[in-house]
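Engineer: Structure: query-v2.cif, mmCIF, C-alpha atoms, pLDDT in the B column; chains and numbers go by the auth columns.
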```cif
data_entry
loop_
_atom_site.group_PDB
_atom_site.id
_atom_site.type_symbol
_atom_site.label_atom_id
_atom_site.label_comp_id
_atom_site.label_asym_id
_atom_site.label_seq_id
_atom_site.Cartn_x
_atom_site.Cartn_y
_atom_site.Cartn_z
_atom_site.B_iso_or_equiv
_atom_site.auth_seq_id
_atom_site.auth_asym_id
ATOM 1 C CA MET A 1 -13.714 32.633 -15.372 41.00 15 K
ATOM 2 C CA ASN A 2 -14.574 30.531 -12.345 46.00 16 K
ATOM 3 C CA PRO A 3 -12.020 31.342 -9.578 47.00 17 K
ATOM 4 C CA THR A 4 -12.144 27.715 -8.393 52.00 18 K
ATOM 5 C CA SER A 5 -11.238 26.305 -11.813 58.00 19 K
ATOM 6 C CA ASN A 6 -7.539 26.311 -10.904 67.00 20 K
ATOM 7 C CA ALA A 7 -8.093 24.586 -7.539 76.00 21 K
ATOM 8 C CA PRO A 8 -7.217 21.050 -8.774 84.00 22 K
ATOM 9 C CA ARG A 9 -4.079 22.384 -10.462 88.00 23 K
ATOM 10 C CA TRP A 10 -2.884 24.063 -7.264 90.00 24 K
ATOM 11 C CA PHE A 11 -3.795 20.972 -5.250 89.00 25 K
ATOM 12 C CA TRP A 12 -1.695 18.632 -7.386 90.00 26 K
ATOM 13 C CA LEU A 13 1.150 21.165 -7.410 93.00 27 K
ATOM 14 C CA ALA A 14 1.009 21.169 -3.589 92.00 28 K
ATOM 15 C CA CYS A 15 1.089 17.362 -3.651 92.00 29 K
ATOM 16 C CA LEU A 16 4.128 17.364 -5.940 94.00 30 K
ATOM 17 C CA LEU A 17 6.057 19.836 -3.803 94.00 31 K
ATOM 18 C CA SER A 18 5.107 18.044 -0.582 93.00 32 K
ATOM 19 C CA SER A 19 6.219 14.717 -2.058 93.00 33 K
ATOM 20 C CA GLY A 20 9.580 16.221 -2.962 93.00 34 K
ATOM 21 C CA LEU A 21 10.062 17.539 0.563 93.00 35 K
ATOM 22 C CA LEU A 22 9.003 14.194 2.013 92.00 36 K
ATOM 23 C CA LEU A 23 11.521 12.278 -0.105 93.00 37 K
ATOM 24 C CA MET A 24 14.395 14.725 0.295 92.00 38 K
ATOM 25 C CA PRO A 25 15.868 13.125 3.463 88.00 39 K
ATOM 26 C CA LEU A 26 15.691 9.712 1.803 88.00 40 K
ATOM 27 C CA TRP A 27 17.566 10.689 -1.364 87.00 41 K
ATOM 28 C CA SER A 28 20.019 13.142 0.205 88.00 42 K
ATOM 29 C CA HIS A 29 22.001 10.296 1.781 87.00 43 K
ATOM 30 C CA GLU A 30 23.557 7.330 0.049 89.00 44 K
ATOM 31 C CA TYR A 31 22.409 5.001 2.814 91.00 45 K
ATOM 32 C CA PRO A 32 19.303 6.224 4.697 91.00 46 K
ATOM 33 C CA GLY A 33 19.563 6.037 8.471 88.00 47 K
ATOM 34 C CA MET A 34 16.801 3.459 8.983 91.00 48 K
ATOM 35 C CA THR A 35 17.520 0.789 11.566 92.00 49 K
ATOM 36 C CA ASP A 36 16.602 -2.063 9.221 93.00 50 K
ATOM 37 C CA TYR A 37 17.969 -0.544 5.999 94.00 51 K
ATOM 38 C CA PRO A 38 21.305 -2.437 6.040 94.00 52 K
ATOM 39 C CA ASN A 39 19.434 -5.703 6.628 93.00 53 K
ATOM 40 C CA HIS A 40 17.058 -4.963 3.733 94.00 54 K
ATOM 41 C CA LEU A 41 19.967 -4.089 1.465 94.00 55 K
ATOM 42 C CA ALA A 42 21.855 -7.267 2.357 92.00 56 K
ATOM 43 C CA ARG A 43 18.764 -9.440 1.870 92.00 57 K
ATOM 44 C CA ALA A 44 17.993 -7.840 -1.483 92.00 58 K
ATOM 45 C CA GLN A 45 21.576 -8.385 -2.644 91.00 59 K
ATOM 46 C CA LEU A 46 21.458 -12.058 -1.629 90.00 60 K
ATOM 47 C CA ILE A 47 18.256 -12.541 -3.629 89.00 61 K
ATOM 48 C CA ILE A 48 19.691 -10.731 -6.654 89.00 62 K
ATOM 49 C CA ASP A 49 22.953 -12.687 -6.575 86.00 63 K
ATOM 50 C CA ASP A 50 21.045 -15.954 -6.378 82.00 64 K
ATOM 51 C CA HIS A 51 18.475 -15.181 -9.079 76.00 65 K
ATOM 52 C CA PHE A 52 20.510 -13.270 -11.649 75.00 66 K
ATOM 53 C CA HIS A 53 24.105 -14.332 -11.069 69.00 67 K
ATOM 54 C CA GLY A 54 23.724 -17.838 -9.679 70.00 68 K
ATOM 55 C CA ALA A 55 26.120 -16.937 -6.889 66.00 69 K
ATOM 56 C CA ALA A 56 25.547 -19.080 -3.816 69.00 70 K
ATOM 57 C CA HIS A 57 26.387 -17.507 -0.474 69.00 71 K
ATOM 58 C CA PRO A 58 28.571 -19.537 1.923 72.00 72 K
ATOM 59 C CA TYR A 59 26.477 -18.624 4.977 73.00 73 K
ATOM 60 C CA TYR A 60 22.922 -18.076 3.690 75.00 74 K
ATOM 61 C CA VAL A 61 20.511 -20.266 1.732 77.00 75 K
ATOM 62 C CA LEU A 62 17.478 -18.848 -0.066 79.00 76 K
ATOM 63 C CA ARG A 63 14.188 -20.634 0.502 80.00 77 K
ATOM 64 C CA HIS A 64 11.522 -20.018 -2.135 79.00 78 K
ATOM 65 C CA VAL A 65 8.451 -19.960 0.084 82.00 79 K
ATOM 66 C CA LEU A 66 5.303 -17.842 -0.239 83.00 80 K
ATOM 67 C CA ILE A 67 4.939 -15.723 2.900 85.00 81 K
ATOM 68 C CA GLY A 68 3.019 -12.585 3.814 88.00 82 K
ATOM 69 C CA ASN A 69 6.020 -10.240 3.697 90.00 83 K
ATOM 70 C CA LEU A 70 7.350 -10.166 0.142 92.00 84 K
ATOM 71 C CA GLY A 71 6.870 -6.623 -1.154 93.00 85 K
ATOM 72 C CA LEU A 72 10.520 -5.600 -1.080 94.00 86 K
ATOM 73 C CA ASP A 73 11.808 -9.074 -1.908 93.00 87 K
ATOM 74 C CA THR A 74 9.784 -9.122 -5.130 93.00 88 K
ATOM 75 C CA LEU A 75 9.967 -5.573 -6.443 95.00 89 K
ATOM 76 C CA VAL A 76 13.581 -4.624 -5.676 95.00 90 K
ATOM 77 C CA PRO A 77 15.058 -7.539 -7.707 93.00 91 K
ATOM 78 C CA LEU A 78 12.743 -6.584 -10.594 93.00 92 K
ATOM 79 C CA LEU A 79 14.051 -3.012 -10.492 94.00 93 K
ATOM 80 C CA VAL A 80 17.632 -4.305 -10.478 94.00 94 K
ATOM 81 C CA HIS A 81 16.796 -6.542 -13.423 90.00 95 K
ATOM 82 C CA ALA A 82 15.500 -3.407 -15.208 91.00 96 K
ATOM 83 C CA GLY A 83 18.932 -1.778 -14.870 89.00 97 K
ATOM 84 C CA MET A 84 19.131 -0.147 -11.430 92.00 98 K
ATOM 85 C CA ASP A 85 21.769 -0.935 -8.829 92.00 99 K
ATOM 86 C CA THR A 86 20.608 -2.564 -5.609 94.00 100 K
ATOM 87 C CA ASN A 87 20.850 0.466 -3.350 95.00 101 K
ATOM 88 C CA ALA A 88 19.043 2.767 -5.804 94.00 102 K
ATOM 89 C CA ALA A 89 16.304 0.166 -6.281 96.00 103 K
ATOM 90 C CA LEU A 90 15.859 -0.193 -2.535 96.00 104 K
ATOM 91 C CA LYS A 91 15.725 3.582 -2.055 96.00 105 K
ATOM 92 C CA LEU A 92 13.091 3.811 -4.805 96.00 106 K
ATOM 93 C CA PHE A 93 11.031 1.139 -3.064 97.00 107 K
ATOM 94 C CA ALA A 94 11.456 2.982 0.238 96.00 108 K
ATOM 95 C CA GLY A 95 10.207 6.173 -1.402 95.00 109 K
ATOM 96 C CA VAL A 96 7.178 4.410 -2.875 96.00 110 K
ATOM 97 C CA ALA A 97 6.466 2.793 0.502 96.00 111 K
ATOM 98 C CA LEU A 98 6.513 6.246 2.119 96.00 112 K
ATOM 99 C CA LEU A 99 4.211 7.854 -0.450 96.00 113 K
ATOM 100 C CA LEU A 100 1.684 5.031 -0.913 96.00 114 K
ATOM 101 C CA PRO A 101 -0.193 5.650 2.387 96.00 115 K
ATOM 102 C CA VAL A 102 -0.412 9.345 1.481 96.00 116 K
ATOM 103 C CA ALA A 103 -1.741 8.434 -1.973 95.00 117 K
ATOM 104 C CA GLY A 104 -4.265 6.150 -0.287 95.00 118 K
ATOM 105 C CA VAL A 105 -5.499 9.009 1.894 94.00 119 K
ATOM 106 C CA MET A 106 -5.853 11.218 -1.213 93.00 120 K
ATOM 107 C CA ALA A 107 -7.809 8.537 -3.053 94.00 121 K
ATOM 108 C CA LEU A 108 -10.132 7.903 -0.105 94.00 122 K
ATOM 109 C CA ALA A 109 -10.791 11.602 0.361 92.00 123 K
ATOM 110 C CA ARG A 110 -11.609 11.970 -3.335 91.00 124 K
ATOM 111 C CA VAL A 111 -13.964 8.979 -3.361 92.00 125 K
ATOM 112 C CA LEU A 112 -15.751 9.812 -0.109 89.00 126 K
ATOM 113 C CA GLN A 113 -15.928 13.603 -0.407 85.00 127 K
ATOM 114 C CA GLY A 114 -15.413 14.408 -4.068 81.00 128 K
ATOM 115 C CA GLY A 115 -13.942 17.653 -5.298 80.00 129 K
ATOM 116 C CA THR A 116 -10.464 18.756 -4.296 83.00 130 K
ATOM 117 C CA PRO A 117 -9.583 17.202 -0.906 87.00 131 K
ATOM 118 C CA TRP A 118 -7.374 19.946 0.529 90.00 132 K
ATOM 119 C CA LEU A 119 -7.591 18.543 4.063 89.00 133 K
ATOM 120 C CA ALA A 120 -6.004 15.326 2.803 90.00 134 K
ATOM 121 C CA LEU A 121 -2.732 17.253 2.482 90.00 135 K
ATOM 122 C CA LEU A 122 -2.407 16.827 6.243 91.00 136 K
ATOM 123 C CA ALA A 123 -1.283 13.259 5.457 92.00 137 K
ATOM 124 C CA PHE A 124 2.095 14.582 4.272 92.00 138 K
ATOM 125 C CA PRO A 125 3.436 15.895 7.618 90.00 139 K
ATOM 126 C CA LEU A 126 2.181 12.715 9.292 90.00 140 K
ATOM 127 C CA ALA A 127 3.815 10.312 6.835 90.00 141 K
ATOM 128 C CA HIS A 128 7.164 10.018 8.632 88.00 142 K
ATOM 129 C CA SER A 129 6.980 8.002 11.841 88.00 143 K
ATOM 130 C CA ARG A 130 9.198 5.922 14.084 90.00 144 K
ATOM 131 C CA TYR A 131 8.023 2.781 12.266 91.00 145 K
ATOM 132 C CA TYR A 132 9.268 4.126 8.961 92.00 146 K
ATOM 133 C CA ALA A 133 12.493 5.237 10.655 91.00 147 K
ATOM 134 C CA TRP A 134 12.935 1.678 11.861 93.00 148 K
ATOM 135 C CA GLY A 135 12.581 0.525 8.257 92.00 149 K
ATOM 136 C CA PHE A 136 9.242 -1.324 8.192 95.00 150 K
ATOM 137 C CA LEU A 137 9.092 -0.843 4.429 96.00 151 K
ATOM 138 C CA ASN A 138 6.893 -3.803 3.493 96.00 152 K
ATOM 139 C CA TYR A 139 4.397 -2.757 6.157 96.00 153 K
ATOM 140 C CA PHE A 140 4.152 0.816 4.835 96.00 154 K
ATOM 141 C CA PHE A 141 3.919 -0.422 1.252 97.00 155 K
ATOM 142 C CA ALA A 142 1.127 -2.874 2.101 97.00 156 K
ATOM 143 C CA VAL A 143 -0.860 -0.388 4.191 96.00 157 K
ATOM 144 C CA GLY A 144 -0.694 2.160 1.377 96.00 158 K
ATOM 145 C CA LEU A 145 -1.792 -0.507 -1.084 97.00 159 K
ATOM 146 C CA ALA A 146 -4.657 -1.454 1.244 97.00 160 K
ATOM 147 C CA LEU A 147 -5.893 2.167 1.353 97.00 161 K
ATOM 148 C CA LEU A 148 -5.791 2.407 -2.444 97.00 162 K
ATOM 149 C CA VAL A 149 -7.625 -0.906 -2.834 97.00 163 K
ATOM 150 C CA PHE A 150 -10.242 0.204 -0.318 97.00 164 K
ATOM 151 C CA ALA A 151 -10.786 3.458 -2.223 96.00 165 K
ATOM 152 C CA LEU A 152 -11.155 1.541 -5.498 96.00 166 K
ATOM 153 C CA TRP A 153 -13.561 -0.920 -3.867 96.00 167 K
ATOM 154 C CA LEU A 154 -15.673 1.934 -2.506 95.00 168 K
ATOM 155 C CA TRP A 155 -15.862 3.515 -5.947 94.00 169 K
ATOM 156 C CA LEU A 156 -16.831 0.234 -7.632 95.00 170 K
ATOM 157 C CA ARG A 157 -19.246 -0.998 -4.962 91.00 171 K
ATOM 158 C CA GLU A 158 -22.089 1.298 -5.954 85.00 172 K
ATOM 159 C CA ARG A 159 -21.404 0.994 -9.681 88.00 173 K
ATOM 160 C CA ARG A 160 -20.248 -2.589 -10.357 90.00 174 K
ATOM 161 C CA PRO A 161 -20.774 -4.738 -7.223 85.00 175 K
ATOM 162 C CA ARG A 162 -19.549 -7.979 -8.806 87.00 176 K
ATOM 163 C CA ILE A 163 -16.440 -6.390 -10.249 93.00 177 K
ATOM 164 C CA ALA A 164 -15.860 -4.706 -6.871 95.00 178 K
ATOM 165 C CA ALA A 165 -15.846 -8.107 -5.142 94.00 179 K
ATOM 166 C CA LEU A 166 -13.461 -9.570 -7.729 95.00 180 K
ATOM 167 C CA VAL A 167 -11.088 -6.612 -7.448 95.00 181 K
ATOM 168 C CA LEU A 168 -11.198 -6.884 -3.651 96.00 182 K
ATOM 169 C CA ALA A 169 -10.333 -10.594 -3.766 96.00 183 K
ATOM 170 C CA LEU A 170 -7.439 -10.240 -6.236 95.00 184 K
ATOM 171 C CA LEU A 171 -5.889 -7.059 -4.869 96.00 185 K
ATOM 172 C CA GLY A 172 -6.534 -8.184 -1.300 95.00 186 K
ATOM 173 C CA ALA A 173 -4.398 -11.252 -1.977 94.00 187 K
ATOM 174 C CA LEU A 174 -1.733 -8.984 -3.475 94.00 188 K
ATOM 175 C CA ALA A 175 -1.724 -6.801 -0.361 94.00 189 K
ATOM 176 C CA MET A 176 -1.467 -9.954 1.741 94.00 190 K
ATOM 177 C CA CYS A 177 1.640 -11.039 -0.148 93.00 191 K
ATOM 178 C CA ALA A 178 3.227 -7.608 0.305 94.00 192 K
ATOM 179 C CA HIS A 179 2.639 -7.760 4.071 95.00 193 K
ATOM 180 C CA LEU A 180 0.004 -9.635 6.018 94.00 194 K
ATOM 181 C CA MET A 181 -0.849 -6.541 8.063 94.00 195 K
ATOM 182 C CA GLY A 182 -1.836 -4.745 4.865 95.00 196 K
ATOM 183 C CA PHE A 183 -4.599 -7.258 4.292 95.00 197 K
ATOM 184 C CA GLY A 184 -5.608 -6.919 7.944 95.00 198 K
ATOM 185 C CA VAL A 185 -6.050 -3.154 7.509 96.00 199 K
ATOM 186 C CA LEU A 186 -8.000 -3.692 4.276 97.00 200 K
ATOM 187 C CA ALA A 187 -10.301 -6.282 5.851 96.00 201 K
ATOM 188 C CA LEU A 188 -10.962 -4.044 8.847 97.00 202 K
ATOM 189 C CA LEU A 189 -11.849 -1.096 6.604 96.00 203 K
ATOM 190 C CA VAL A 190 -14.154 -3.127 4.350 96.00 204 K
ATOM 191 C CA LEU A 191 -15.958 -4.851 7.219 95.00 205 K
ATOM 192 C CA SER A 192 -16.366 -1.549 9.082 95.00 206 K
ATOM 193 C CA ARG A 193 -17.864 0.047 5.986 94.00 207 K
ATOM 194 C CA GLU A 194 -20.277 -2.831 5.452 93.00 208 K
ATOM 195 C CA ALA A 195 -21.276 -2.800 9.139 93.00 209 K
ATOM 196 C CA TRP A 196 -21.928 0.957 8.963 92.00 210 K
ATOM 197 C CA LEU A 197 -24.079 0.551 5.842 89.00 211 K
ATOM 198 C CA LEU A 198 -26.114 -2.198 7.536 88.00 212 K
ATOM 199 C CA TRP A 199 -26.548 -0.084 10.668 89.00 213 K
ATOM 200 C CA ARG A 200 -27.630 2.913 8.592 87.00 214 K
ATOM 201 C CA ALA A 201 -30.257 0.785 6.805 82.00 215 K
ATOM 202 C CA ARG A 202 -32.009 -0.179 10.062 81.00 216 K
ATOM 203 C CA PRO A 203 -34.620 -1.508 10.756 82.00 217 K
ATOM 204 C CA SER A 204 -34.480 -3.421 7.449 79.00 218 K
ATOM 205 C CA PRO A 205 -30.809 -3.997 6.625 79.00 219 K
ATOM 206 C CA ARG A 206 -30.120 -5.778 3.345 80.00 220 K
ATOM 207 C CA TRP A 207 -27.595 -8.373 4.439 82.00 221 K
ATOM 208 C CA GLN A 208 -27.197 -9.784 0.945 84.00 222 K
ATOM 209 C CA GLU A 209 -25.445 -6.605 -0.209 86.00 223 K
ATOM 210 C CA ALA A 210 -22.572 -7.322 2.175 89.00 224 K
ATOM 211 C CA LEU A 211 -22.096 -10.923 1.038 92.00 225 K
ATOM 212 C CA PRO A 212 -19.850 -10.217 -2.023 92.00 226 K
ATOM 213 C CA ALA A 213 -17.305 -8.311 0.088 93.00 227 K
ATOM 214 C CA ILE A 214 -17.393 -10.948 2.828 93.00 228 K
ATOM 215 C CA ALA A 215 -16.898 -13.692 0.227 94.00 229 K
ATOM 216 C CA ALA A 216 -13.943 -11.808 -1.292 95.00 230 K
ATOM 217 C CA LEU A 217 -12.259 -11.418 2.096 95.00 231 K
ATOM 218 C CA ALA A 218 -12.985 -15.063 2.912 94.00 232 K
ATOM 219 C CA SER A 219 -11.297 -16.153 -0.326 94.00 233 K
ATOM 220 C CA CYS A 220 -8.192 -14.164 0.637 93.00 234 K
ATOM 221 C CA THR A 221 -8.223 -15.777 4.078 92.00 235 K
ATOM 222 C CA LEU A 222 -8.493 -19.225 2.489 92.00 236 K
ATOM 223 C CA PHE A 223 -5.596 -18.327 0.184 90.00 237 K
ATOM 224 C CA ASN A 224 -3.572 -17.410 3.269 87.00 238 K
ATOM 225 C CA LEU A 225 -4.337 -20.703 5.000 88.00 239 K
ATOM 226 C CA LEU A 226 -3.566 -22.846 1.945 86.00 240 K
ATOM 227 C CA ALA A 227 -0.639 -21.028 0.317 81.00 241 K
ATOM 228 C CA PHE A 228 1.410 -19.519 3.129 72.00 242 K
#
```
Please, can you express the file's structure as structure tokens?
Structural biologist:
Amino acid sequence: MNPTSNAPRWFWLACLLSSGLLLMPLWSHEYPGMTDYPNHLARAQLIIDDHFHGAAHPYYVLRHVLIGNLGLDTLVPLLVHAGMDTNAALKLFAGVALLLPVAGVMALARVLQGGTPWLALLAFPLAHSRYYAWGFLNYFFAVGLALLVFALWLWLRERRPRIAALVLALLGALAMCAHLMGFGVLALLVLSREAWLLWRARPSPRWQEALPAIAALASCTLFNLLAF
């Protein structure tokens, strides 16, 4: 029996245990000690009361406008509609926002290196930061989404270039709606990758191979200018 045959199993077990440890401080308290958590909870409750109960607030008015910061505002009400209470739904979103960047690192390591990316486990002890402690949940969610989209785009680029461009355009717009900075991270990663591929192909770079990705990012930028 190959001694490395159990490596993926041990890797995913390490990921599961590390995820549990990472989420333990979040779920061990009824109200996590993030600076912005009470504001997020209040905003989510206002949205839920307006959408599902028709209860107007005497001091706040909801404006239905598309902006680049809607991850929490969209998903938490959906979780409440599915049967969760507001605080539990927000804590679940906070947990997903914490784990998504780690999942993005795992996906990138798998796509770029193949095999079992043990070094990617270093993303777990680096996941908590002052920005998460402040409660920048939409930012973390969007950055994690951007890393996952970038990994998917890398995987598709060599296999299905047209589908890769379409996926980049659609999911790039989704990351933009979650948080504008998520799209910024995605665009920077994609453009850096394309620039590196062109530099590696010197002295005869094939510029046309970069055009689908540039067009996809341009369509997201146009969407931002017209819709937001």
Engineer: If the PyMOL selection byres ((chain K and resi 178) around 10) were run on this exact file, what residues would it hold? Put them as number ranges by chain.
Structural biologist: K: 163-164, 166-177, 179-183, 226-227, 230
Engineer: Counting all atoms listed in the file, write as an MDAnalysis selection string all protein and nucleic acid residues lying at most 12 Å from (15.7, -4.9, -11.2) in the file's frame.
Structural biologist: chainID K and resid 58:59 61:63 65:66 86:104 106:107
Engineer: With the file shown as input, list the residues that the PyMOL selection byres ((chain K and resi 21-36) around 9) selects, as a list in words.
Structural biologist: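 Against this file, the PyMOL selection byres ((chain K and resi 21-36) around 9) returns the residues Pro17, Thr18, Ser19, Asn20, Leu37, Met38, Pro39, Leu40, Gly109, Leu112, Leu113, Gly129, Thr130, Pro131, Trp132, Leu135, Phe138, Pro139, Ala141 and His142 of chain K.
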Engineer: Can you spell out as a list in words the set of residues that the PyMOL selection byres ((chain K and resi 201) around 10) selects in the structure I just provided?
Structural biologist: Ala160, Phe164, Leu182, Gly186, Met195, Gly196, Phe197, Gly198, Val199, Leu200, Leu202, Leu203, Val204, Leu205, Ser206, Arg207, Ala227, Ile228, Ala230, Leu231, Ala232, Cys234 and Thr235 of chain K
Engineer: Specify the axis-aligned box that encloses all atoms of region 136-142 of chain K listed in the file after padding of 8 Å on each side, stating its centre and edge lengths in Å to one decimal as lines of an AutoDock Vina configuration file.
Structural biologist:
```
center_x = 2.4
center_y = 13.4
center_z = 6.8
size_x = 25.6
size_y = 22.8
size_z = 21.0
```
Engineer: Please compute the CA of Lys105 (chain K)-CA of Arg77 (chain K) distance, one decimal, in Å.
Structural biologist: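 Between these atoms lies a distance of 24.4 Å.
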Engineer: Looking at K:Ala137, K:Leu162, K:Leu84, K:Asn238, which one is nearest to Gly118 (chain K), with distances taken over only C-alpha atoms?
Structural biologist: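 Closest to Gly118 (chain K) of all the choices is K:Leu162.
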Engineer: If you measure from CA of Leu133 (chain K) to CA of Ala111 (chain K), what distance in Å do you get, rounded to one decimal?
Structural biologist: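 Taking CA of Leu133 (chain K) as the start and CA of Ala111 (chain K) as the end point, the length is 21.4 Å.
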Engineer: Measure the distance from CA of Glu208 (chain K) to CA of Ala117 (chain K) in Å and round it to one decimal.
Structural biologist: 22.9 Å
Engineer: Counting all atoms listed in the file, write as a PyMOL selection string all protein and nucleic acid residues lying at most 6 Å from (9.1, -3.7, 0.6) in the file's frame.
Structural biologist: chain K and resi 85-86+151-152
